[in-house]
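For reference, the structure is listed below as structure tokens.
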Amino acid sequence: MDSIAIIAAVSIFTAGITIAIGCIGPALGEARAAASAFSAIAQQPDEANRITRPLCVSLAMIESTAIYAFVVSMILIFANPFWNHVISQGAG
């Protein structure tokens with residue numbers, strides 16, 4: 001197996017692991033935030049508007065972690081700097 005094939009295989013494997021781990025945490029965090037918000041709304045229905053706005057902001061911030069993991073995995077697959085280094089060294 002040549003160097004580029006090894007880098008490609010490791011990059012694809014790492015991208016998969018990045019997405020898997022990078023989405024588990026935000027999914028659990030969003031579920032916990034939503035459950036807490038629903039519980040608070042159930043206890044105080046009059047405050048639903050004051051609870052919903054911070055919930056939406058916090059869900060967006062939690063989701064940004066999954067988006068960062070997605071961006072890293074796309075960089076590993078499509079714009080991997082290691083490929084350019086190996087190609088410039090003439091390995092193949």
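Note on naming: chains are A, B, ... as they come in the structure tokens, residues start from 1 per chain, ligands start from 1 in the order shown.
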*For segment 16-28 of chain A, work out the shell of residues within 10 Å, counting only C-alpha atoms and skipping chain neighbours fewer than 6 positions away, then give it as number ranges by chain.*
A: 10, 34, 59, 61-74, 76-77
Could you save the residues just selected, with N, CA, C and O atoms, as a CSV table (one decimal), in the first residue's frame?
chain,number,residue,atom,x,y,z
A,10,VAL,N,-6.8,6.3,6.4
A,10,VAL,CA,-6.8,6.9,7.8
A,10,VAL,C,-7.6,8.1,7.9
A,10,VAL,O,-8.3,8.4,8.9
A,34,ALA,N,-33.7,20.3,26.1
A,34,ALA,CA,-35.1,20.3,25.8
A,34,ALA,C,-36.0,19.7,26.9
A,34,ALA,O,-37.0,20.2,27.2
A,59,LEU,N,-29.7,25.8,22.2
A,59,LEU,CA,-29.7,24.7,21.3
A,59,LEU,C,-28.9,25.0,20.1
A,59,LEU,O,-28.2,24.1,19.5
A,61,MET,N,-26.2,26.9,20.1
A,61,MET,CA,-24.8,26.8,20.6
A,61,MET,C,-24.4,25.4,20.7
A,61,MET,O,-23.2,25.0,20.4
A,62,ILE,N,-25.3,24.5,21.2
A,62,ILE,CA,-25.0,23.1,21.4
A,62,ILE,C,-24.8,22.5,20.0
A,62,ILE,O,-23.8,21.7,19.8
A,63,GLU,N,-25.6,22.9,19.0
A,63,GLU,CA,-25.5,22.3,17.7
A,63,GLU,C,-24.3,22.7,17.0
A,63,GLU,O,-23.8,22.0,16.1
A,64,SER,N,-23.7,23.9,17.3
A,64,SER,CA,-22.5,24.3,16.7
A,64,SER,C,-21.3,23.3,16.9
A,64,SER,O,-20.4,23.2,16.1
A,65,THR,N,-21.3,22.6,18.0
A,65,THR,CA,-20.3,21.6,18.2
A,65,THR,C,-20.4,20.5,17.2
A,65,THR,O,-19.3,20.1,16.7
A,66,ALA,N,-21.6,20.1,16.9
A,66,ALA,CA,-21.7,19.0,15.8
A,66,ALA,C,-21.3,19.6,14.5
A,66,ALA,O,-20.7,18.9,13.6
A,67,ILE,N,-21.6,20.9,14.2
A,67,ILE,CA,-21.2,21.5,12.9
A,67,ILE,C,-19.7,21.6,12.8
A,67,ILE,O,-19.1,21.3,11.8
A,68,TYR,N,-19.0,21.9,13.9
A,68,TYR,CA,-17.5,21.9,13.9
A,68,TYR,C,-17.0,20.5,13.6
A,68,TYR,O,-16.0,20.4,12.9
A,69,ALA,N,-17.6,19.5,14.2
A,69,ALA,CA,-17.1,18.1,13.9
A,69,ALA,C,-17.3,17.8,12.5
A,69,ALA,O,-16.5,17.2,11.8
A,70,PHE,N,-18.4,18.2,11.9
A,70,PHE,CA,-18.7,18.0,10.5
A,70,PHE,C,-17.7,18.7,9.6
A,70,PHE,O,-17.2,18.1,8.6
A,71,VAL,N,-17.3,19.9,10.0
A,71,VAL,CA,-16.4,20.7,9.2
A,71,VAL,C,-15.0,20.0,9.2
A,71,VAL,O,-14.3,19.9,8.2
A,72,VAL,N,-14.6,19.6,10.4
A,72,VAL,CA,-13.3,18.9,10.5
A,72,VAL,C,-13.3,17.6,9.7
A,72,VAL,O,-12.3,17.3,9.0
A,73,SER,N,-14.4,16.9,9.7
A,73,SER,CA,-14.4,15.6,8.9
A,73,SER,C,-14.4,15.9,7.4
A,73,SER,O,-13.7,15.2,6.7
A,74,MET,N,-15.0,17.0,7.0
A,74,MET,CA,-15.0,17.4,5.6
A,74,MET,C,-13.6,17.8,5.2
A,74,MET,O,-13.1,17.5,4.1
A,76,LEU,N,-10.8,16.7,6.6
A,76,LEU,CA,-10.0,15.5,6.5
A,76,LEU,C,-10.2,14.7,5.2
A,76,LEU,O,-9.3,14.1,4.7
A,77,ILE,N,-11.5,14.8,4.7
A,77,ILE,CA,-11.7,14.0,3.4
A,77,ILE,C,-11.3,14.8,2.2
A,77,ILE,O,-10.7,14.2,1.3
_Using only C-alpha atoms, which protein or nucleic acid residues come within 10 Å of Thr52 of chain A? Drop anything in the same chain fewer than 6 positions from it, and give the result as a count of residues only._
5
*For Pro81 of chain A, list every protein, DNA or RNA residue within 12 Å, evaluated using only C-alpha atoms, and leave out those in the same chain fewer than 4 positions away; present the list as a VMD selection string.*
chain A and resid 4 7 to 8 11 75 to 77 85 to 88
Could you dump the residues just selected with C-alpha atoms as a tab-separated table (two decimals), in the first residue's frame?
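Saved as again20.tsv:
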chain	number	residue	atom	x	y	z
A	4	ILE	CA	-1.39	8.20	-0.43
A	7	ILE	CA	-3.39	8.62	4.23
A	8	ALA	CA	-6.73	8.28	2.42
A	11	SER	CA	-8.45	10.17	6.82
A	75	ILE	CA	-11.48	18.92	5.80
A	76	LEU	CA	-10.02	15.48	6.49
A	77	ILE	CA	-11.74	14.02	3.45
A	85	HIS	CA	2.82	17.08	1.64
A	86	VAL	CA	3.17	13.47	0.52
A	87	ILE	CA	2.67	14.39	-3.15
A	88	SER	CA	5.27	17.20	-2.91
